[in-house]
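Peer 1: Quick one, coords.csv (CSV, C-alpha atoms):
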```
chain,number,residue,atom,x,y,z
A,1,MET,CA,-39.2,43.5,-1.3
A,2,ASN,CA,-35.8,42.4,0.1
A,3,LYS,CA,-34.8,38.8,-0.6
A,4,LYS,CA,-34.6,36.4,2.2
A,5,LYS,CA,-31.1,35.3,2.8
A,6,ALA,CA,-30.6,31.6,3.6
A,7,VAL,CA,-27.9,29.1,4.2
A,8,VAL,CA,-29.0,25.7,2.9
A,9,SER,CA,-27.3,22.5,4.2
A,10,LEU,CA,-27.6,19.5,2.0
A,11,GLY,CA,-27.3,15.9,3.4
A,12,HIS,CA,-26.2,12.6,1.9
A,13,GLU,CA,-29.5,12.2,0.1
A,14,ALA,CA,-28.8,15.2,-2.1
A,15,LEU,CA,-25.7,13.5,-3.6
A,16,GLY,CA,-26.1,9.8,-3.7
A,17,TYR,CA,-23.5,7.1,-3.0
A,18,THR,CA,-21.4,7.0,-6.2
A,19,THR,CA,-20.2,9.4,-9.0
A,20,LEU,CA,-23.0,8.2,-11.3
A,21,GLU,CA,-25.6,8.3,-8.6
A,22,GLN,CA,-24.5,11.9,-7.9
A,23,TRP,CA,-25.1,13.0,-11.4
A,24,ASP,CA,-28.7,11.9,-11.1
A,25,ALA,CA,-29.2,13.0,-7.5
A,26,VAL,CA,-28.1,16.6,-8.0
A,27,LYS,CA,-30.8,17.0,-10.7
A,28,THR,CA,-33.4,16.4,-8.0
A,29,THR,CA,-31.5,18.5,-5.6
A,30,ALA,CA,-31.3,21.3,-8.1
A,31,LYS,CA,-35.2,21.4,-8.4
A,32,ALA,CA,-35.5,21.9,-4.6
A,33,LEU,CA,-32.9,24.6,-4.6
A,34,ALA,CA,-34.6,26.3,-7.6
A,35,ASP,CA,-37.9,26.2,-5.8
A,36,LEU,CA,-36.2,28.3,-3.0
A,37,VAL,CA,-34.8,30.7,-5.6
A,38,GLU,CA,-38.2,31.1,-7.1
A,39,ALA,CA,-39.6,31.8,-3.6
A,40,ASP,CA,-37.2,34.8,-3.5
A,41,TYR,CA,-34.4,33.4,-1.4
A,42,GLN,CA,-30.7,34.3,-1.9
A,43,LEU,CA,-28.9,31.0,-1.3
A,44,THR,CA,-25.6,30.1,0.2
A,45,ILE,CA,-25.3,26.3,-0.1
A,46,THR,CA,-23.2,23.8,1.9
A,47,HIS,CA,-23.2,20.0,1.6
A,48,SER,CA,-22.1,16.8,3.1
A,49,ASN,CA,-19.1,14.8,1.7
A,50,GLY,CA,-18.8,11.7,3.9
A,51,ARG,CA,-19.2,9.2,1.1
A,52,GLN,CA,-17.3,11.2,-1.4
A,53,VAL,CA,-14.2,11.9,0.8
A,54,SER,CA,-14.1,8.3,1.9
A,55,MET,CA,-14.2,7.2,-1.8
A,56,ILE,CA,-11.4,9.5,-2.7
A,57,HIS,CA,-9.3,8.5,0.3
A,58,LYS,CA,-9.8,4.9,-0.6
A,59,ALA,CA,-8.8,5.4,-4.2
A,60,MET,CA,-5.7,7.4,-3.4
A,61,THR,CA,-4.6,4.8,-0.9
A,62,GLU,CA,-5.1,2.0,-3.3
A,63,LEU,CA,-3.2,4.0,-6.0
A,64,ARG,CA,-0.3,4.2,-3.6
A,65,ARG,CA,-0.4,0.5,-3.0
A,66,ILE,CA,-0.2,-0.3,-6.7
A,67,TYR,CA,2.2,2.5,-7.8
A,68,ILE,CA,4.8,2.9,-5.2
A,69,ASP,CA,6.0,6.3,-6.6
A,70,TYR,CA,2.7,7.9,-5.8
A,71,THR,CA,2.2,9.7,-2.5
A,72,PRO,CA,-0.9,9.0,-0.5
A,73,ALA,CA,-3.2,12.0,-0.3
A,74,PRO,CA,-3.7,13.3,3.2
A,75,MET,CA,-7.3,13.9,4.5
A,76,CYS,CA,-7.2,17.6,3.9
A,77,VAL,CA,-6.4,17.1,0.2
A,78,CYS,CA,-9.1,14.4,-0.1
A,79,SER,CA,-11.5,17.0,1.4
A,80,ALA,CA,-10.5,19.6,-1.1
A,81,MET,CA,-11.0,17.2,-4.0
A,82,SER,CA,-14.5,16.3,-2.7
A,83,GLN,CA,-15.4,20.0,-2.4
A,84,GLY,CA,-14.3,20.5,-6.0
A,85,TYR,CA,-16.2,17.7,-7.7
A,86,VAL,CA,-19.3,17.9,-5.6
A,87,GLY,CA,-19.5,21.7,-6.0
A,88,TYR,CA,-19.0,21.2,-9.8
A,89,ASP,CA,-21.9,18.8,-10.1
A,90,ILE,CA,-24.3,20.9,-7.9
A,91,GLN,CA,-23.5,24.2,-9.6
A,92,ASN,CA,-23.9,22.8,-13.1
A,93,ALA,CA,-27.2,21.0,-12.2
A,94,LEU,CA,-28.6,24.1,-10.5
A,95,ARG,CA,-27.5,26.5,-13.3
A,96,ALA,CA,-29.3,24.2,-15.8
A,97,GLU,CA,-32.4,24.0,-13.7
A,98,LEU,CA,-32.6,27.8,-13.3
A,99,LEU,CA,-32.1,28.4,-17.0
A,100,ASN,CA,-34.9,25.9,-17.7
A,101,ARG,CA,-37.1,28.1,-15.5
A,102,GLY,CA,-35.9,31.3,-17.3
A,103,ILE,CA,-33.7,32.4,-14.4
A,104,VAL,CA,-30.2,33.6,-15.2
A,105,LYS,CA,-28.0,33.6,-12.1
A,106,THR,CA,-24.4,32.9,-11.4
A,107,VAL,CA,-23.6,29.8,-9.3
A,108,SER,CA,-20.1,29.5,-7.9
A,109,THR,CA,-18.2,27.1,-5.8
A,110,ILE,CA,-15.6,28.4,-3.3
A,111,LEU,CA,-13.0,26.0,-2.0
A,112,THR,CA,-13.3,26.7,1.7
A,113,GLN,CA,-10.9,26.2,4.6
A,114,VAL,CA,-12.1,26.1,8.2
A,115,THR,CA,-9.7,26.4,11.1
A,116,VAL,CA,-9.7,24.0,14.0
A,117,ASP,CA,-8.0,23.9,17.4
A,118,PRO,CA,-5.1,21.4,17.4
A,119,TYR,CA,-5.9,20.7,21.1
A,120,ASP,CA,-9.6,19.9,20.4
A,121,GLU,CA,-10.6,16.9,22.4
A,122,ALA,CA,-11.8,15.2,19.2
A,123,PHE,CA,-8.2,14.6,18.2
A,124,TYR,CA,-7.8,12.3,21.2
A,125,ALA,CA,-10.9,10.3,20.5
A,126,PRO,CA,-11.5,10.0,16.7
A,127,THR,CA,-15.0,8.8,15.6
A,128,LYS,CA,-15.4,9.3,11.9
A,129,VAL,CA,-14.8,6.1,9.9
A,130,ILE,CA,-13.3,6.5,6.4
A,131,GLY,CA,-11.7,4.6,3.6
A,132,ARG,CA,-11.3,0.9,2.8
A,133,TYR,CA,-11.3,-2.2,4.9
A,134,MET,CA,-7.8,-3.2,5.9
A,135,SER,CA,-6.2,-6.4,7.1
A,136,ALA,CA,-4.7,-6.6,10.6
A,137,GLU,CA,-1.3,-6.1,9.1
A,138,ASP,CA,-2.2,-3.0,7.3
A,139,ALA,CA,-4.0,-1.7,10.4
A,140,GLU,CA,-0.8,-2.2,12.4
A,141,THR,CA,1.0,-0.1,9.8
A,142,GLU,CA,-1.5,2.7,10.2
A,143,ILE,CA,-1.2,2.6,14.0
A,144,LYS,CA,2.6,2.9,13.7
A,145,LYS,CA,2.1,6.0,11.6
A,146,GLY,CA,0.2,7.5,14.5
A,147,ASN,CA,-3.3,7.0,12.9
A,148,TYR,CA,-6.3,5.4,14.6
A,149,VAL,CA,-8.1,2.3,13.3
A,150,LYS,CA,-11.3,0.6,14.3
A,151,GLU,CA,-12.2,-3.1,13.8
A,152,GLU,CA,-15.5,-4.1,12.4
A,153,PRO,CA,-16.0,-7.8,13.2
A,154,GLY,CA,-16.0,-10.1,10.2
A,155,LYS,CA,-15.0,-7.2,7.8
A,156,GLY,CA,-11.7,-5.9,8.9
A,157,PHE,CA,-10.2,-2.7,10.1
A,158,ARG,CA,-10.9,0.9,8.9
A,159,ARG,CA,-9.3,4.2,9.6
A,160,VAL,CA,-11.0,6.7,11.9
A,161,VAL,CA,-10.3,10.4,12.1
A,162,ALA,CA,-11.2,13.2,14.4
A,163,ALA,CA,-14.2,15.5,14.0
A,164,PRO,CA,-13.1,18.8,15.7
A,165,SER,CA,-15.3,21.8,16.1
A,166,PRO,CA,-15.0,24.6,13.5
A,167,ILE,CA,-13.5,27.9,14.6
A,168,ASP,CA,-13.2,30.3,11.7
A,169,ILE,CA,-14.2,30.1,8.0
A,170,VAL,CA,-11.1,31.4,6.2
A,171,GLU,CA,-12.8,32.5,3.0
A,172,ILE,CA,-15.8,34.1,4.7
A,173,ASP,CA,-15.2,37.5,3.1
A,174,ALA,CA,-15.2,36.1,-0.4
A,175,ILE,CA,-18.4,34.1,0.4
A,176,ARG,CA,-20.1,37.2,1.8
A,177,THR,CA,-19.1,39.4,-1.1
A,178,LEU,CA,-20.7,37.0,-3.6
A,179,ALA,CA,-23.8,36.5,-1.5
A,180,GLU,CA,-24.3,40.2,-1.2
A,181,ALA,CA,-24.0,40.5,-5.0
A,182,ASP,CA,-27.0,38.1,-5.1
A,183,GLN,CA,-25.0,35.3,-6.5
A,184,ILE,CA,-25.6,31.7,-5.4
A,185,VAL,CA,-22.6,30.4,-3.5
A,186,ILE,CA,-21.6,26.8,-2.7
A,187,ALA,CA,-19.1,26.9,0.2
A,188,CYS,CA,-17.8,25.0,3.2
A,189,GLY,CA,-18.5,21.7,1.4
A,190,GLY,CA,-18.2,18.7,3.7
A,191,GLY,CA,-17.7,21.0,6.7
A,192,GLY,CA,-14.8,22.7,5.0
A,193,ILE,CA,-11.1,21.7,4.6
A,194,PRO,CA,-9.9,21.4,8.2
A,195,VAL,CA,-6.7,23.5,8.8
A,196,ILE,CA,-4.6,24.6,11.7
A,197,GLU,CA,-3.1,28.0,11.7
A,198,GLN,CA,0.6,28.1,12.7
A,199,ASN,CA,2.5,31.4,12.4
A,200,HIS,CA,0.1,32.7,9.7
A,201,ILE,CA,0.5,29.4,7.7
A,202,LEU,CA,-2.5,27.1,7.3
A,203,LYS,CA,-1.7,23.5,7.6
A,204,GLY,CA,-4.1,20.7,6.7
A,205,ALA,CA,-5.4,18.6,9.6
A,206,SER,CA,-6.1,14.9,9.5
A,207,ALA,CA,-9.7,15.3,10.3
A,208,VAL,CA,-13.2,16.0,9.0
A,209,ILE,CA,-15.6,18.6,10.3
A,210,GLU,CA,-19.3,18.1,10.9
A,211,LYS,CA,-21.0,19.8,8.0
A,212,ASP,CA,-24.1,20.9,10.1
A,213,ALA,CA,-21.8,22.6,12.6
A,214,VAL,CA,-20.2,24.6,9.8
A,215,ALA,CA,-23.7,25.3,8.3
A,216,GLY,CA,-24.6,26.9,11.7
A,217,ARG,CA,-21.4,28.9,11.8
A,218,LEU,CA,-21.8,30.0,8.2
A,219,ALA,CA,-25.4,31.1,8.8
A,220,THR,CA,-24.3,33.1,11.9
A,221,GLU,CA,-21.4,34.7,10.0
A,222,LEU,CA,-23.6,35.8,7.1
A,223,GLN,CA,-26.4,36.8,9.5
A,224,VAL,CA,-28.9,35.1,7.2
A,225,ASP,CA,-32.7,35.2,7.8
A,226,GLU,CA,-32.9,31.4,7.7
A,227,LEU,CA,-30.9,28.2,8.1
A,228,ILE,CA,-32.5,25.5,6.0
A,229,ILE,CA,-31.4,22.0,6.6
A,230,LEU,CA,-32.5,19.5,4.0
A,231,THR,CA,-32.2,15.9,5.2
A,232,GLY,CA,-33.8,12.4,4.7
A,233,VAL,CA,-36.9,13.0,6.7
A,234,PRO,CA,-39.8,15.5,6.2
A,235,GLN,CA,-39.5,16.9,9.8
A,236,VAL,CA,-38.1,16.3,13.2
A,237,TYR,CA,-39.8,13.7,15.4
A,238,ARG,CA,-40.0,12.8,19.1
A,239,ASN,CA,-39.5,9.1,19.7
A,240,PHE,CA,-38.3,8.6,16.1
A,241,ARG,CA,-39.1,5.2,14.6
A,242,LYS,CA,-40.9,4.1,17.8
A,243,PRO,CA,-44.6,3.2,18.1
A,244,ASP,CA,-45.4,6.5,19.7
A,245,GLN,CA,-43.4,8.6,17.1
A,246,GLU,CA,-44.6,12.2,17.2
A,247,PRO,CA,-43.9,14.8,14.4
A,248,LEU,CA,-42.8,18.2,15.7
A,249,SER,CA,-43.9,21.1,13.4
A,250,SER,CA,-42.3,23.7,15.6
A,251,LEU,CA,-39.8,24.0,18.4
A,252,THR,CA,-38.3,26.8,20.5
A,253,VAL,CA,-34.6,26.7,21.3
A,254,SER,CA,-35.3,25.8,24.9
A,255,GLN,CA,-37.6,22.9,23.8
A,256,ALA,CA,-35.0,21.7,21.3
A,257,ARG,CA,-32.3,21.8,24.0
A,258,GLN,CA,-34.5,19.8,26.4
A,259,LEU,CA,-35.1,17.1,23.7
A,260,CYS,CA,-31.3,16.9,23.3
A,261,GLN,CA,-30.9,16.3,27.0
A,262,GLU,CA,-33.5,13.6,26.9
A,263,GLY,CA,-31.5,11.8,24.2
A,264,GLN,CA,-34.2,12.1,21.6
A,265,PHE,CA,-31.8,12.7,18.7
A,266,GLU,CA,-29.3,10.2,17.3
A,267,ALA,CA,-25.7,11.4,17.5
A,268,GLY,CA,-24.8,10.8,13.9
A,269,THR,CA,-28.0,12.0,12.2
A,270,MET,CA,-30.4,14.5,13.8
A,271,LEU,CA,-28.5,15.7,16.8
A,272,PRO,CA,-25.8,17.7,15.0
A,273,LYS,CA,-28.6,19.4,13.0
A,274,ILE,CA,-30.5,20.4,16.2
A,275,GLU,CA,-27.2,21.6,17.8
A,276,ALA,CA,-26.4,23.7,14.7
A,277,ALA,CA,-29.9,25.2,14.9
A,278,ILE,CA,-29.4,26.1,18.5
A,279,SER,CA,-26.0,27.6,17.9
A,280,TYR,CA,-27.2,29.8,15.1
A,281,LEU,CA,-30.3,31.0,16.9
A,282,GLU,CA,-28.5,31.8,20.0
A,283,ALA,CA,-26.1,34.0,18.0
A,284,HIS,CA,-28.9,35.4,15.7
A,285,THR,CA,-32.1,35.6,17.7
A,286,GLN,CA,-34.1,37.0,14.8
A,287,GLY,CA,-33.3,34.0,12.7
A,288,ARG,CA,-35.4,30.9,11.8
A,289,VAL,CA,-34.4,27.3,11.2
A,290,LEU,CA,-36.3,25.0,8.9
A,291,ILE,CA,-35.6,21.2,8.8
A,292,THR,CA,-37.2,19.1,6.1
A,293,SER,CA,-36.5,16.8,3.2
A,294,LEU,CA,-35.6,17.7,-0.4
A,295,GLY,CA,-39.0,16.5,-1.6
A,296,ASP,CA,-40.9,18.5,1.0
A,297,VAL,CA,-39.4,21.9,0.3
A,298,LYS,CA,-42.4,23.4,-1.4
A,299,GLY,CA,-44.8,22.1,1.2
A,300,ALA,CA,-42.5,23.3,4.0
A,301,LEU,CA,-42.4,26.8,2.6
A,302,LYS,CA,-46.2,26.8,2.8
A,303,GLY,CA,-46.2,25.5,6.4
A,304,LYS,CA,-47.5,22.1,5.4
A,305,SER,CA,-44.4,20.1,6.3
A,306,GLY,CA,-41.0,20.5,8.0
A,307,THR,CA,-40.0,21.6,11.5
A,308,VAL,CA,-39.5,25.3,12.3
A,309,ILE,CA,-37.2,26.2,15.2
A,310,THR,CA,-37.1,29.8,16.6
A,311,VAL,CA,-36.0,31.5,19.8
```
Now that the file is in, can you turn its structure into C-alpha cells?
Peer 2:
Amino acid sequence: MNKKKAVVSLGHEALGYTTLEQWDAVKTTAKALADLVEADYQLTITHSNGRQVSMIHKAMTELRRIYIDYTPAPMCVCSAMSQGYVGYDIQNALRAELLNRGIVKTVSTILTQVTVDPYDEAFYAPTKVIGRYMSAEDAETEIKKGNYVKEEPGKGFRRVVAAPSPIDIVEIDAIRTLAEADQIVIACGGGGIPVIEQNHILKGASAVIEKDAVAGRLATELQVDELIILTGVPQVYRNFRKPDQEPLSSLTVSQARQLCQEGQFEAGTMLPKIEAAISYLEAHTQGRVLITSLGDVKGALKGKSGTVITV
C-alpha cells in the first residue's frame, strides 16, 4: 500500500514560549508526529516561529544597544536563526521518539526561503508585532529608519512588520527530493525566510510570512494527499467561545468560504488556517484537510475528533 503523503503545520502550542519550554513541548509534539508515521504517513513538517523570531530579534537588538560594535540582525536573519534552532529541536525529539518505537527514519531540516512581492500591499500596512517594548524616543528612532511602530497603552511601543503573501518556495526541489525518498522533512519554518528576487539575487525582506499560507502552498507544490493543521483546539467551531458554540466535524470548500464571509473565524488564529485549506483544495481537488489539536491526532485519524475539509 502506498503511503499517504501529508504536510503537517504545527502551531505555537507545539513549541512553547521559551527555549526551555520548547525542549519539553517538542517531546509531546514528537509523539503526535510519530503517531502519524505509525499510521503510514510520509511527513513534511512546517511550524510557527512567532515567539521564537520575536525573542531572537529582541536579543539581537539589545546586544546592539550594549555592544555598539555589533550590527543589529535584520528580520530575515532572525527568521533564519529561528528556523535553525526550532528545526533542530523538532528533528532531534522526533528522531528519538521514532527510535523508541523501533522506527529508523532520517529527519532533516531545510533552511527555506520564500519569495514575496516587494509591492505587496502588506508592506504598506504592517500588522505583525515583534520584539521588545520601546520608549517613545526609541520608537522615533525606528520611524526615522523607515520602520513601523505601534503603541500599546501603558506598555510602550513595539515594532510592526509586514506579512506579505508567499509566492515561490525557493528550495522546493530539495524538499520534494527528500520527501520522495520517504524521509521526514522540516521546511518553511515560520512561513519561510521572506526574500525578494532582484536580478537573480535573493535579498531578505523586513517581513514575516503567515505559516499557514506557506503550509497550503507547500501542500499544493508537493501534491500531498492531506494537509494536517495541528492547533490549540480539537476542531473548528461555529460561533467559537459563544453560548451557542457548535463543533464542525466536516466542511466543504464552499461551506468554509461562506463561514469566512460571515466573519466566523478570527483573523489571527483560525482564519488563516481555513484560507490555507481553501487555497490547497482549490489547487488539488482530490486532497483532504484535517484541523485538530496535538492531543487529538489519534482520535482524529479514527474520525472521532477534528474537522475534515474537502471539495
Peer 1: So how many Å separate atom CA of A:Asn239 and atom CA of A:Glu262, to one decimal?
Peer 2: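 Going from atom CA of A:Asn239 over to atom CA of A:Glu262 covers 10.4 Å.
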Peer 1: Quick one: residues within 8 Å of A:Ala14, only C-alpha atoms, excluding same-chain residues fewer than 4 positions away - as a list in words?
Peer 2: Leu10, Gln22, Ala25, Val26, Thr28, Thr29 and Leu294 of chain A
Peer 1: Residues at most 9 Å from A:Ile186, counting only C-alpha atoms, excluding those fewer than 3 positions away in the same chain, as a VMD selection string?
Peer 2: chain A and resid 43 to 47 87 90 to 91 107 to 111 175 189
Peer 1: When you look at stretch 226-236 of chain A with a cut-off of 7 Å (counting all atoms listed in the file), what residues show up, excluding the ones that are within fewer than 3 positions of it in the same chain? I need them as a ChimeraX atom specification.
Peer 2: /A:5-11,13,219,247-248,287-294,296,305-307
Peer 1: Within 9 Å of A:Cys260, counting only C-alpha atoms, which residues show up once you throw out same-chain ones fewer than 6 positions away? Write them as a ChimeraX atom specification, please.
Peer 2: /A:271,274-275
Peer 1: Have a look at A:Val311, A:Cys78, A:Val185, A:Ala276 and name the one nearest to A:Gly204; count only C-alpha atoms.
Peer 2: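 The shortest atom-to-atom distance to A:Gly204 comes from A:Cys78.
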